Amino acid sequence: MLYREAGQFKSSYAEDQQIFPIRQDRVVIGLLLVFAFVVVPLIGNQYWLGALITPFLILALATLGLNILTGYAGLLSLGTAAFMAVGAFMAYNFVLRMPWIGVIPAFILAGLCAAAVGIVFGLPSLRIKGFYLAVATLACQFFVLWTLQRVPWFTNHSSTGVITAQVITVFGFVFDTPVRKYLFTLTVVTVLALLAKNLMRSETGRAFMAVRDMDVAASVIGIPMMKTKLLAFGISSFYCGVAGALYAYTYLGTVEPEAFTLDLSFRILFMVIIGGVGSILGSFLGAAFITLFPIFLNLASSWVSHTFGVELSHAMVSNLELIIFGGLIIFFLIVEPNGLARLWQIAKEKLRLWPFPH
Amino acid sequence: MLAGGLLAGVMYSLVALGFVLIYKASGVFNFAQGAMVFFAALTFVSLTERGWNFWLALAVTLAVMVLLGIVTERVVLRPLVNQPQITLFMATIGLTFVLEGLSQLIWGSQPHGLELGIPDVPIEWLSQKWNVNISQFDLFAAFVAGALVAVLAVLFQKTRIGRALRAVADDHQAALAVGIPLQHIWAIVWGVAGFVALVAGLMWGVRNGVQFALTFVALKALPVLLIGGFESIPGAIIGGLIIGTTEKLAEVYVGPMVGGGIESWFAYVVALLFLLVRPEGLFGEKHIDRV
């Protein structure tokens, strides 16, 4: 109903290969970006930007990273938080020890470090797959956190193991308020998301998908297994690493290794599943859902205690939230196992045919 | 020391058994096993603290666990038949949250002590004679684990239900085609897994007290699974013994060199090394990939 792509013909290869080949899509994306860059900072208050939208963007980026690995290349990983931790702590060290390189190169280097760690822990994926691999990536999760806690170099010999992220300065411009931090995060996330969208349509992305669908068949048609799988781990960890650096610099400010526990890995995995496995859009939808949902539950519980006069204890509320959260995940998996992105796709198809049923 | 490691390994195996059971029979990697262990132990301990008779509490807890298994099958698994394994895995993580919330909502979150009447202090003459620290409880745990494996092995190999279970594990469709009631089988398996969780919960509860940390026991059992193979009951025992001993040895010989605290990841690294040689674990089924 919203729009139809009739009458848009492609007359050159460049047109055929655009990221968004349909004009209305381009307009919508453009408007969304304008909204995100201009309108949100104007209307959003400090709390919303700092405590809600920025973490949403960061987690969306991490989800995107995991989605590249799990959704596109079909390799299940439970070590996402560890890669984020590597990114966060290496970014801190690069900015601390090599201040002349600037924050953005430091972030890129931190991402590359995370990618290196990812490749090392991705090596078992050449031999094992499925749940064996998932459990093997747990080794990464525990080992990395242990290393960060044990080796004082990473935390610059801080006695508590807590680091305080430096203020981000790019070309003399200081990103210190929540609005500015939000803009910085948004820029990084936008650039990386577009890159990912593009990458997944390239030879590399198609090789990932071939490996996901059936790796024996993929290697038979000449896709190098080792290169593809390790590249998937590398790219995914790079995204997670940058997300981790942002997590430390624009969201938390002060971080300790315990901020990146297995729980965070699971939350990001939930975002992938609920958003939609193998979908860039799904990564954002899933992240939005999981970040906003607990807040919604909180509001609901306070509303219940107000209207019915039932005073719920704090522990009771948090337990109830846990139950509802778990139940909702199961419900979601049963109703739409392919995630929110699939729902969006179905809605689009229905609207195309509207007002006719078929 | 070696004996201590072996007996610690037995404790891991107890938890790993629950994973194996469900994976073997339904191909579901049940992450909620840890939460089930916690739920079972907490229910039992809360009932006994309310002055219930030991056996009565045990029977009621067992009934609750079996019921939980059946409800899980009905509510979670049945609608998800034929979904990819990762979806089922995620569903069990959801189940983990529900169980953790539920058990603390009902029974509160304060830690409890658990006493089965078997002393958990080193037997004196053993430690004096051979310098081995083994408590009566260690031996009891080992005996329970052994008995459990024997019972399960007989159940799987000799009985009608066991044969049906193995058929279902092999191929859902073929099993259905020869008239095996898939849903009953799954309910049975989850019920048995609940029973195993109860046993593991009691053993770990005596050792560490019944508290929320009990859910992390599941994470300790995962490397055991990797080594033993996801589909093998004896594998769970052997894997547990290997992990238990290497962990103990590493704690003593490697730990001081790197500053301790290695027990969080060492088991995983051992498991990884095993996997590099045998990708499906020691006793896991070999998968042949066909295009």
# chains A, B, ... in the order shown; residues from 1 in each chain; ligands from 1
>>> select_by_dssp(residues="segment 39-254 of chain B", states="alpha helix (DSSP H)", output="VMD selection string")
chain B and resid 39 to 49 54 to 72 85 to 107 124 to 129 136 to 158 160 to 170 172 to 177 182 to 208 217 to 228 233 to 253
>>> interface_residues(of="chain B", to="chain A", cutoff="8 Å", atoms="only C-alpha atoms", output="VMD selection string")
chain B and resid 29 76 79 to 80 83 87 90 to 91 93 to 102 104 to 105 222 to 223 226 259 261 to 262 264 to 265 268 to 269 271 to 272 275 to 276 279 to 280 289 to 291
>>> atom_distance(atom1="atom CA of Gln157 of chain B", atom2="atom CA of Ala8 of chain B")
27.6 Å
>>> residues_around(residues="segment 231-239 of chain A", least_positions_apart="2", cutoff="7 Å", atoms="only C-alpha atoms", output="CSV table (one decimal) with all heavy atoms, in the first residue's frame")
chain,number,residue,atom,x,y,z
A,61,LEU,N,24.9,-2.7,17.0
A,61,LEU,CA,26.1,-2.9,16.3
A,61,LEU,C,26.7,-4.3,16.7
A,61,LEU,O,27.1,-5.0,15.8
A,61,LEU,CB,27.1,-1.8,16.6
A,61,LEU,CG,28.4,-1.8,15.8
A,61,LEU,CD1,28.1,-1.6,14.3
A,61,LEU,CD2,29.4,-0.8,16.3
A,62,ALA,N,26.7,-4.6,18.0
A,62,ALA,CA,27.2,-5.9,18.4
A,62,ALA,C,26.3,-7.0,17.8
A,62,ALA,O,26.8,-8.0,17.4
A,62,ALA,CB,27.2,-6.0,19.9
A,65,GLY,N,27.3,-7.6,14.4
A,65,GLY,CA,28.5,-8.4,14.3
A,65,GLY,C,28.2,-9.9,14.5
A,65,GLY,O,28.6,-10.7,13.7
A,66,LEU,N,27.4,-10.2,15.5
A,66,LEU,CA,27.0,-11.6,15.8
A,66,LEU,C,26.2,-12.2,14.6
A,66,LEU,O,26.3,-13.3,14.2
A,66,LEU,CB,26.3,-11.8,17.1
A,66,LEU,CG,26.0,-13.2,17.5
A,66,LEU,CD1,27.2,-14.0,17.6
A,66,LEU,CD2,25.2,-13.3,18.7
A,68,ILE,N,26.4,-11.4,11.5
A,68,ILE,CA,27.3,-11.7,10.4
A,68,ILE,C,27.8,-13.2,10.6
A,68,ILE,O,27.9,-14.0,9.7
A,68,ILE,CB,28.5,-10.7,10.3
A,68,ILE,CG1,27.9,-9.4,9.8
A,68,ILE,CG2,29.5,-11.2,9.3
A,68,ILE,CD1,28.9,-8.3,9.9
A,69,LEU,N,28.2,-13.5,11.8
A,69,LEU,CA,28.8,-14.8,12.1
A,69,LEU,C,27.7,-15.9,12.1
A,69,LEU,O,27.8,-16.9,11.5
A,69,LEU,CB,29.5,-14.7,13.5
A,69,LEU,CG,30.3,-15.9,13.8
A,69,LEU,CD1,31.4,-16.1,12.8
A,69,LEU,CD2,30.9,-15.8,15.2
A,73,ALA,N,27.0,-16.6,8.3
A,73,ALA,CA,28.0,-17.7,8.0
A,73,ALA,C,27.6,-19.0,8.8
A,73,ALA,O,28.2,-20.0,8.7
A,73,ALA,CB,29.4,-17.3,8.5
A,83,PHE,N,34.6,-10.5,22.8
A,83,PHE,CA,35.1,-9.7,21.8
A,83,PHE,C,34.9,-8.2,22.1
A,83,PHE,O,35.7,-7.4,21.8
A,83,PHE,CB,34.5,-10.1,20.4
A,83,PHE,CG,34.7,-11.5,20.0
A,83,PHE,CD1,33.7,-12.3,19.5
A,83,PHE,CD2,36.0,-12.1,20.2
A,83,PHE,CE1,33.9,-13.6,19.2
A,83,PHE,CE2,36.2,-13.4,19.9
A,83,PHE,CZ,35.2,-14.2,19.4
A,111,GLY,N,39.3,-2.7,17.1
A,111,GLY,CA,38.5,-3.6,16.4
A,111,GLY,C,39.3,-4.7,15.8
A,111,GLY,O,39.0,-5.9,15.8
A,112,LEU,N,40.5,-4.3,15.2
A,112,LEU,CA,41.4,-5.3,14.6
A,112,LEU,C,41.9,-6.3,15.6
A,112,LEU,O,42.1,-7.5,15.3
A,112,LEU,CB,42.5,-4.6,13.9
A,112,LEU,CG,42.1,-3.8,12.6
A,112,LEU,CD1,43.3,-3.1,12.0
A,112,LEU,CD2,41.5,-4.8,11.6
A,114,ALA,N,40.3,-7.2,18.3
A,114,ALA,CA,39.2,-8.1,18.6
A,114,ALA,C,39.1,-9.1,17.5
A,114,ALA,O,38.9,-10.3,17.7
A,114,ALA,CB,37.9,-7.3,18.8
A,115,ALA,N,39.3,-8.7,16.2
A,115,ALA,CA,39.3,-9.6,15.1
A,115,ALA,C,40.3,-10.6,15.2
A,115,ALA,O,40.1,-11.8,14.9
A,115,ALA,CB,39.4,-8.8,13.8
A,116,ALA,N,41.5,-10.2,15.6
A,116,ALA,CA,42.6,-11.2,15.8
A,116,ALA,C,42.2,-12.3,16.8
A,116,ALA,O,42.4,-13.5,16.6
A,116,ALA,CB,43.9,-10.5,16.2
A,118,GLY,N,39.2,-13.1,17.7
A,118,GLY,CA,38.2,-13.8,17.1
A,118,GLY,C,38.7,-14.9,16.1
A,118,GLY,O,38.2,-16.0,16.1
A,119,ILE,N,39.7,-14.5,15.3
A,119,ILE,CA,40.2,-15.5,14.4
A,119,ILE,C,40.9,-16.7,15.1
A,119,ILE,O,40.7,-17.9,14.8
A,119,ILE,CB,41.2,-14.8,13.4
A,119,ILE,CG1,40.5,-13.9,12.5
A,119,ILE,CG2,42.0,-15.9,12.6
A,119,ILE,CD1,41.3,-13.1,11.6
A,122,GLY,N,38.3,-18.7,16.5
A,122,GLY,CA,37.5,-19.3,15.4
A,122,GLY,C,38.2,-20.5,14.8
A,122,GLY,O,37.5,-21.3,14.0
A,227,LYS,N,39.5,-19.9,4.8
A,227,LYS,CA,39.5,-18.4,4.6
A,227,LYS,C,38.1,-17.9,5.0
A,227,LYS,O,38.0,-16.9,5.7
A,227,LYS,CB,39.8,-18.1,3.2
A,227,LYS,CG,40.0,-16.6,2.9
A,227,LYS,CD,40.1,-16.3,1.4
A,227,LYS,CE,39.3,-15.1,1.1
A,227,LYS,NZ,38.9,-15.0,-0.3
A,228,THR,N,37.0,-18.5,4.5
A,228,THR,CA,35.7,-18.0,4.7
A,228,THR,C,35.3,-18.0,6.1
A,228,THR,O,34.8,-17.0,6.7
A,228,THR,CB,34.7,-18.8,3.8
A,228,THR,OG1,35.2,-18.9,2.5
A,228,THR,CG2,33.4,-18.1,3.8
A,229,LYS,N,35.5,-19.1,6.8
A,229,LYS,CA,35.1,-19.2,8.2
A,229,LYS,C,35.9,-18.2,9.1
A,229,LYS,O,35.3,-17.6,9.9
A,229,LYS,CB,35.3,-20.6,8.7
A,229,LYS,CG,34.2,-21.6,8.2
A,229,LYS,CD,34.3,-22.9,8.8
A,229,LYS,CE,33.0,-23.8,8.5
A,229,LYS,NZ,33.2,-25.1,9.0
A,241,GLY,N,34.1,-5.8,18.5
A,241,GLY,CA,35.1,-5.0,19.2
A,241,GLY,C,34.8,-3.5,19.1
A,241,GLY,O,35.0,-2.8,20.2
A,242,VAL,N,34.4,-3.0,18.0
A,242,VAL,CA,34.1,-1.6,17.9
A,242,VAL,C,32.9,-1.3,18.8
A,242,VAL,O,32.9,-0.3,19.5
A,242,VAL,CB,33.8,-1.2,16.4
A,242,VAL,CG1,33.3,0.3,16.4
A,242,VAL,CG2,35.1,-1.3,15.6
A,243,ALA,N,31.9,-2.2,18.8
A,243,ALA,CA,30.8,-2.0,19.7
A,243,ALA,C,31.2,-2.0,21.1
A,243,ALA,O,30.7,-1.1,21.9
A,243,ALA,CB,29.7,-3.1,19.5
>>> closest_atom_pairs(of="segment 274-333 of chain A", to="segment 183-204 of chain A", cutoff="10 Å", atoms="only C-alpha atoms", output="Markdown table")
| residue | atom | partner | partner_atom | distance |
| --- | --- | --- | --- | --- |
| A:Gly278 | CA | A:Met200 | CA | 9.6 |
| A:Ser279 | CA | A:Lys197 | CA | 9.0 |
| A:Ile280 | CA | A:Lys197 | CA | 6.7 |
| A:Leu281 | CA | A:Lys197 | CA | 9.3 |
| A:Ser283 | CA | A:Ala193 | CA | 9.9 |
| A:Phe284 | CA | A:Ala193 | CA | 9.8 |
>>> atom_distance(atom1="atom CA of Val178 of chain B", atom2="atom CA of Gly162 of chain B")
15.2 Å
>>> select_by_dssp(residues="segment 100-294 of chain A", states="strand (DSSP E or B)", output="ChimeraX atom specification")
/A:163-164,168-170,173-175,254-255
>>> write_last_selection(atoms="all heavy atoms", output="CSV table (one decimal), in the first residue's frame")
chain,number,residue,atom,x,y,z
A,163,ILE,N,38.5,0.7,34.5
A,163,ILE,CA,39.1,1.7,33.7
A,163,ILE,C,38.1,2.8,33.5
A,163,ILE,O,36.9,2.6,33.4
A,163,ILE,CB,39.6,1.2,32.4
A,163,ILE,CG1,38.5,0.6,31.6
A,163,ILE,CG2,40.8,0.2,32.6
A,163,ILE,CD1,38.8,0.3,30.1
A,164,THR,N,38.6,4.0,33.3
A,164,THR,CA,37.8,5.2,33.0
A,164,THR,C,38.1,5.6,31.6
A,164,THR,O,39.2,6.0,31.3
A,164,THR,CB,38.0,6.3,34.0
A,164,THR,OG1,37.8,5.8,35.3
A,164,THR,CG2,37.0,7.4,33.7
A,168,ILE,N,36.3,11.5,24.2
A,168,ILE,CA,36.6,11.4,22.8
A,168,ILE,C,36.8,12.7,22.2
A,168,ILE,O,36.0,13.6,22.3
A,168,ILE,CB,35.4,10.7,22.1
A,168,ILE,CG1,35.1,9.4,22.8
A,168,ILE,CG2,35.7,10.4,20.6
A,168,ILE,CD1,33.8,8.8,22.3
A,169,THR,N,37.9,12.9,21.5
A,169,THR,CA,38.2,14.1,20.8
A,169,THR,C,38.6,13.8,19.3
A,169,THR,O,39.5,13.0,19.1
A,169,THR,CB,39.4,14.9,21.4
A,169,THR,OG1,39.2,14.8,22.8
A,169,THR,CG2,39.4,16.3,21.0
A,170,VAL,N,37.8,14.3,18.4
A,170,VAL,CA,38.1,14.1,17.0
A,170,VAL,C,38.4,15.4,16.3
A,170,VAL,O,37.5,16.3,16.3
A,170,VAL,CB,37.0,13.3,16.3
A,170,VAL,CG1,37.4,13.1,14.8
A,170,VAL,CG2,36.7,12.0,17.0
A,173,PHE,N,37.3,18.5,18.1
A,173,PHE,CA,35.9,18.5,18.6
A,173,PHE,C,35.7,17.5,19.7
A,173,PHE,O,36.0,16.4,19.6
A,173,PHE,CB,35.0,18.2,17.4
A,173,PHE,CG,33.6,18.6,17.7
A,173,PHE,CD1,33.1,19.9,17.6
A,173,PHE,CD2,32.7,17.6,18.1
A,173,PHE,CE1,31.8,20.2,17.9
A,173,PHE,CE2,31.4,17.9,18.4
A,173,PHE,CZ,30.9,19.2,18.3
A,174,VAL,N,35.2,18.0,20.8
A,174,VAL,CA,35.1,17.2,22.0
A,174,VAL,C,33.7,16.6,22.1
A,174,VAL,O,32.7,17.3,22.1
A,174,VAL,CB,35.4,18.0,23.3
A,174,VAL,CG1,35.4,17.0,24.5
A,174,VAL,CG2,36.8,18.6,23.2
A,175,PHE,N,33.6,15.2,22.2
A,175,PHE,CA,32.3,14.6,22.4
A,175,PHE,C,32.1,14.3,23.9
A,175,PHE,O,32.5,13.2,24.4
A,175,PHE,CB,32.3,13.3,21.6
A,175,PHE,CG,32.3,13.5,20.1
A,175,PHE,CD1,33.5,13.6,19.4
A,175,PHE,CD2,31.1,13.6,19.4
A,175,PHE,CE1,33.4,13.8,18.0
A,175,PHE,CE2,31.1,13.8,18.1
A,175,PHE,CZ,32.2,13.9,17.4
A,254,THR,N,33.0,4.3,32.7
A,254,THR,CA,33.9,3.5,33.5
A,254,THR,C,33.5,2.0,33.3
A,254,THR,O,32.3,1.7,33.5
A,254,THR,CB,33.9,3.8,35.0
A,254,THR,OG1,32.5,3.8,35.4
A,254,THR,CG2,34.4,5.2,35.3
A,255,VAL,N,34.5,1.2,33.0
A,255,VAL,CA,34.2,-0.2,32.8
A,255,VAL,C,35.1,-1.1,33.5
A,255,VAL,O,36.3,-0.8,33.8
A,255,VAL,CB,34.3,-0.6,31.3
A,255,VAL,CG1,33.0,-1.1,30.7
A,255,VAL,CG2,35.0,0.4,30.5
>>> closest_residue(among="B:Tyr253, B:Tyr12, B:Phe19, B:Trp55", to="Met203 of chain B", atoms="only C-alpha atoms")
B:Tyr12
>>> residues_around(residues="segment 233-246 of chain B", least_positions_apart="4", cutoff="7 Å", atoms="only C-alpha atoms", output="mmCIF file with all heavy atoms, in the first residue's frame")
data_model
loop_
_atom_site.group_PDB
_atom_site.id
_atom_site.type_symbol
_atom_site.label_atom_id
_atom_site.label_comp_id
_atom_site.auth_asym_id
_atom_site.auth_seq_id
_atom_site.Cartn_x
_atom_site.Cartn_y
_atom_site.Cartn_z
ATOM 1 N N LEU B 2 44.628 -36.914 43.299
ATOM 2 C CA LEU B 2 44.061 -37.460 42.068
ATOM 3 C C LEU B 2 42.658 -37.999 42.335
ATOM 4 O O LEU B 2 41.724 -37.763 41.572
ATOM 5 C CB LEU B 2 44.961 -38.583 41.563
ATOM 6 C CG LEU B 2 44.942 -38.839 40.061
ATOM 7 C CD1 LEU B 2 45.358 -37.584 39.321
ATOM 8 C CD2 LEU B 2 45.858 -39.991 39.716
ATOM 9 N N GLY B 5 40.221 -35.280 42.551
ATOM 10 C CA GLY B 5 39.859 -34.800 41.227
ATOM 11 C C GLY B 5 38.844 -35.704 40.572
ATOM 12 O O GLY B 5 37.851 -35.248 40.004
ATOM 13 N N LEU B 6 39.095 -37.004 40.689
ATOM 14 C CA LEU B 6 38.179 -37.975 40.085
ATOM 15 C C LEU B 6 36.782 -37.813 40.669
ATOM 16 O O LEU B 6 35.787 -37.812 39.948
ATOM 17 C CB LEU B 6 38.679 -39.398 40.340
ATOM 18 C CG LEU B 6 39.843 -39.857 39.472
ATOM 19 C CD1 LEU B 6 40.352 -41.204 39.932
ATOM 20 C CD2 LEU B 6 39.411 -39.934 38.026
ATOM 21 N N ALA B 8 35.536 -35.155 42.143
ATOM 22 C CA ALA B 8 34.945 -33.890 41.699
ATOM 23 C C ALA B 8 34.362 -34.076 40.301
ATOM 24 O O ALA B 8 33.308 -33.544 39.966
ATOM 25 C CB ALA B 8 35.997 -32.781 41.691
ATOM 26 N N GLY B 9 35.089 -34.870 39.495
ATOM 27 C CA GLY B 9 34.625 -35.142 38.142
ATOM 28 C C GLY B 9 33.283 -35.839 38.130
ATOM 29 O O GLY B 9 32.434 -35.565 37.284
ATOM 30 N N VAL B 10 33.089 -36.736 39.101
ATOM 31 C CA VAL B 10 31.818 -37.450 39.184
ATOM 32 C C VAL B 10 30.675 -36.458 39.360
ATOM 33 O O VAL B 10 29.599 -36.598 38.782
ATOM 34 C CB VAL B 10 31.858 -38.459 40.352
ATOM 35 C CG1 VAL B 10 30.486 -39.029 40.596
ATOM 36 C CG2 VAL B 10 32.844 -39.559 40.042
ATOM 37 N N TYR B 12 30.560 -33.399 38.278
ATOM 38 C CA TYR B 12 30.278 -32.771 36.983
ATOM 39 C C TYR B 12 29.442 -33.711 36.119
ATOM 40 O O TYR B 12 28.519 -33.289 35.428
ATOM 41 C CB TYR B 12 31.569 -32.433 36.227
ATOM 42 C CG TYR B 12 32.443 -31.401 36.901
ATOM 43 C CD1 TYR B 12 33.817 -31.446 36.772
ATOM 44 C CD2 TYR B 12 31.873 -30.379 37.648
ATOM 45 C CE1 TYR B 12 34.620 -30.501 37.391
ATOM 46 C CE2 TYR B 12 32.671 -29.430 38.265
ATOM 47 C CZ TYR B 12 34.045 -29.498 38.132
ATOM 48 O OH TYR B 12 34.830 -28.572 38.732
ATOM 49 N N SER B 13 29.823 -34.982 36.159
ATOM 50 C CA SER B 13 29.132 -35.949 35.312
ATOM 51 C C SER B 13 27.650 -35.984 35.623
ATOM 52 O O SER B 13 26.824 -36.116 34.721
ATOM 53 C CB SER B 13 29.706 -37.345 35.519
ATOM 54 O OG SER B 13 31.087 -37.318 35.408
ATOM 55 N N ALA B 16 26.119 -33.348 33.738
ATOM 56 C CA ALA B 16 26.255 -33.590 32.303
ATOM 57 C C ALA B 16 25.267 -34.650 31.822
ATOM 58 O O ALA B 16 24.770 -34.580 30.699
ATOM 59 C CB ALA B 16 27.692 -34.013 31.980
ATOM 60 N N LEU B 17 24.978 -35.610 32.701
ATOM 61 C CA LEU B 17 24.042 -36.682 32.330
ATOM 62 C C LEU B 17 22.703 -36.129 31.855
ATOM 63 O O LEU B 17 22.125 -36.616 30.881
ATOM 64 C CB LEU B 17 23.798 -37.593 33.537
ATOM 65 C CG LEU B 17 24.730 -38.774 33.705
ATOM 66 C CD1 LEU B 17 24.349 -39.537 34.951
ATOM 67 C CD2 LEU B 17 24.638 -39.675 32.490
ATOM 68 N N VAL B 20 22.960 -34.903 28.354
ATOM 69 C CA VAL B 20 23.093 -35.993 27.397
ATOM 70 C C VAL B 20 21.736 -36.633 27.127
ATOM 71 O O VAL B 20 21.365 -36.874 25.976
ATOM 72 C CB VAL B 20 24.091 -37.044 27.910
ATOM 73 C CG1 VAL B 20 24.068 -38.278 27.032
ATOM 74 C CG2 VAL B 20 25.477 -36.468 27.968
ATOM 75 N N VAL B 149 24.073 -44.193 36.129
ATOM 76 C CA VAL B 149 24.507 -44.558 34.782
ATOM 77 C C VAL B 149 24.063 -45.978 34.453
ATOM 78 O O VAL B 149 23.571 -46.248 33.354
ATOM 79 C CB VAL B 149 26.037 -44.433 34.652
ATOM 80 C CG1 VAL B 149 26.507 -45.027 33.349
ATOM 81 C CG2 VAL B 149 26.437 -42.988 34.740
ATOM 82 N N VAL B 224 32.598 -31.119 29.936
ATOM 83 C CA VAL B 224 32.459 -32.566 30.113
ATOM 84 C C VAL B 224 31.744 -33.157 28.903
ATOM 85 O O VAL B 224 32.150 -34.178 28.343
ATOM 86 C CB VAL B 224 31.665 -32.870 31.397
ATOM 87 C CG1 VAL B 224 31.381 -34.349 31.509
ATOM 88 C CG2 VAL B 224 32.414 -32.366 32.611
ATOM 89 N N LEU B 225 30.701 -32.457 28.469
ATOM 90 C CA LEU B 225 29.952 -32.918 27.307
ATOM 91 C C LEU B 225 30.818 -32.923 26.062
ATOM 92 O O LEU B 225 30.757 -33.836 25.250
ATOM 93 C CB LEU B 225 28.772 -31.987 27.049
ATOM 94 C CG LEU B 225 27.626 -32.070 28.012
ATOM 95 C CD1 LEU B 225 26.588 -31.066 27.614
ATOM 96 C CD2 LEU B 225 27.047 -33.455 27.958
ATOM 97 N N ILE B 227 33.986 -33.312 25.784
ATOM 98 C CA ILE B 227 34.942 -34.415 25.768
ATOM 99 C C ILE B 227 34.224 -35.740 25.561
ATOM 100 O O ILE B 227 34.625 -36.561 24.731
ATOM 101 C CB ILE B 227 35.750 -34.441 27.078
ATOM 102 C CG1 ILE B 227 36.693 -33.244 27.106
ATOM 103 C CG2 ILE B 227 36.537 -35.726 27.206
ATOM 104 C CD1 ILE B 227 37.649 -33.252 28.243
ATOM 105 N N GLY B 228 33.143 -35.928 26.284
ATOM 106 C CA GLY B 228 32.475 -37.221 26.222
ATOM 107 C C GLY B 228 31.639 -37.395 24.973
ATOM 108 O O GLY B 228 31.361 -38.518 24.567
ATOM 109 N N GLY B 229 31.249 -36.306 24.370
ATOM 110 C CA GLY B 229 30.330 -36.399 23.243
ATOM 111 C C GLY B 229 28.923 -36.159 23.738
ATOM 112 O O GLY B 229 28.557 -36.608 24.822
ATOM 113 N N ALA B 250 45.845 -29.123 37.268
ATOM 114 C CA ALA B 250 46.222 -27.802 36.784
ATOM 115 C C ALA B 250 46.198 -26.789 37.919
ATOM 116 O O ALA B 250 47.047 -25.904 37.999
ATOM 117 C CB ALA B 250 45.273 -27.361 35.677
ATOM 118 N N ALA B 267 38.974 -26.015 32.017
ATOM 119 C CA ALA B 267 38.246 -27.175 31.508
ATOM 120 C C ALA B 267 37.900 -27.007 30.028
ATOM 121 O O ALA B 267 37.974 -27.956 29.250
ATOM 122 C CB ALA B 267 36.978 -27.379 32.326
ATOM 123 N N LEU B 282 34.819 -38.011 22.608
ATOM 124 C CA LEU B 282 35.375 -39.362 22.646
ATOM 125 C C LEU B 282 34.362 -40.413 22.214
ATOM 126 O O LEU B 282 34.677 -41.334 21.472
ATOM 127 C CB LEU B 282 35.850 -39.678 24.072
ATOM 128 C CG LEU B 282 37.121 -38.973 24.507
ATOM 129 C CD1 LEU B 282 37.446 -39.329 25.930
ATOM 130 C CD2 LEU B 282 38.267 -39.328 23.587
ATOM 131 N N PHE B 283 33.114 -40.252 22.694
ATOM 132 C CA PHE B 283 32.125 -41.297 22.441
ATOM 133 C C PHE B 283 30.950 -40.792 21.619
ATOM 134 O O PHE B 283 29.942 -41.462 21.505
ATOM 135 C CB PHE B 283 31.605 -41.873 23.760
ATOM 136 C CG PHE B 283 32.694 -42.475 24.594
ATOM 137 C CD1 PHE B 283 33.305 -41.741 25.593
ATOM 138 C CD2 PHE B 283 33.117 -43.772 24.355
ATOM 139 C CE1 PHE B 283 34.319 -42.291 26.356
ATOM 140 C CE2 PHE B 283 34.120 -44.322 25.116
ATOM 141 C CZ PHE B 283 34.723 -43.583 26.119
#
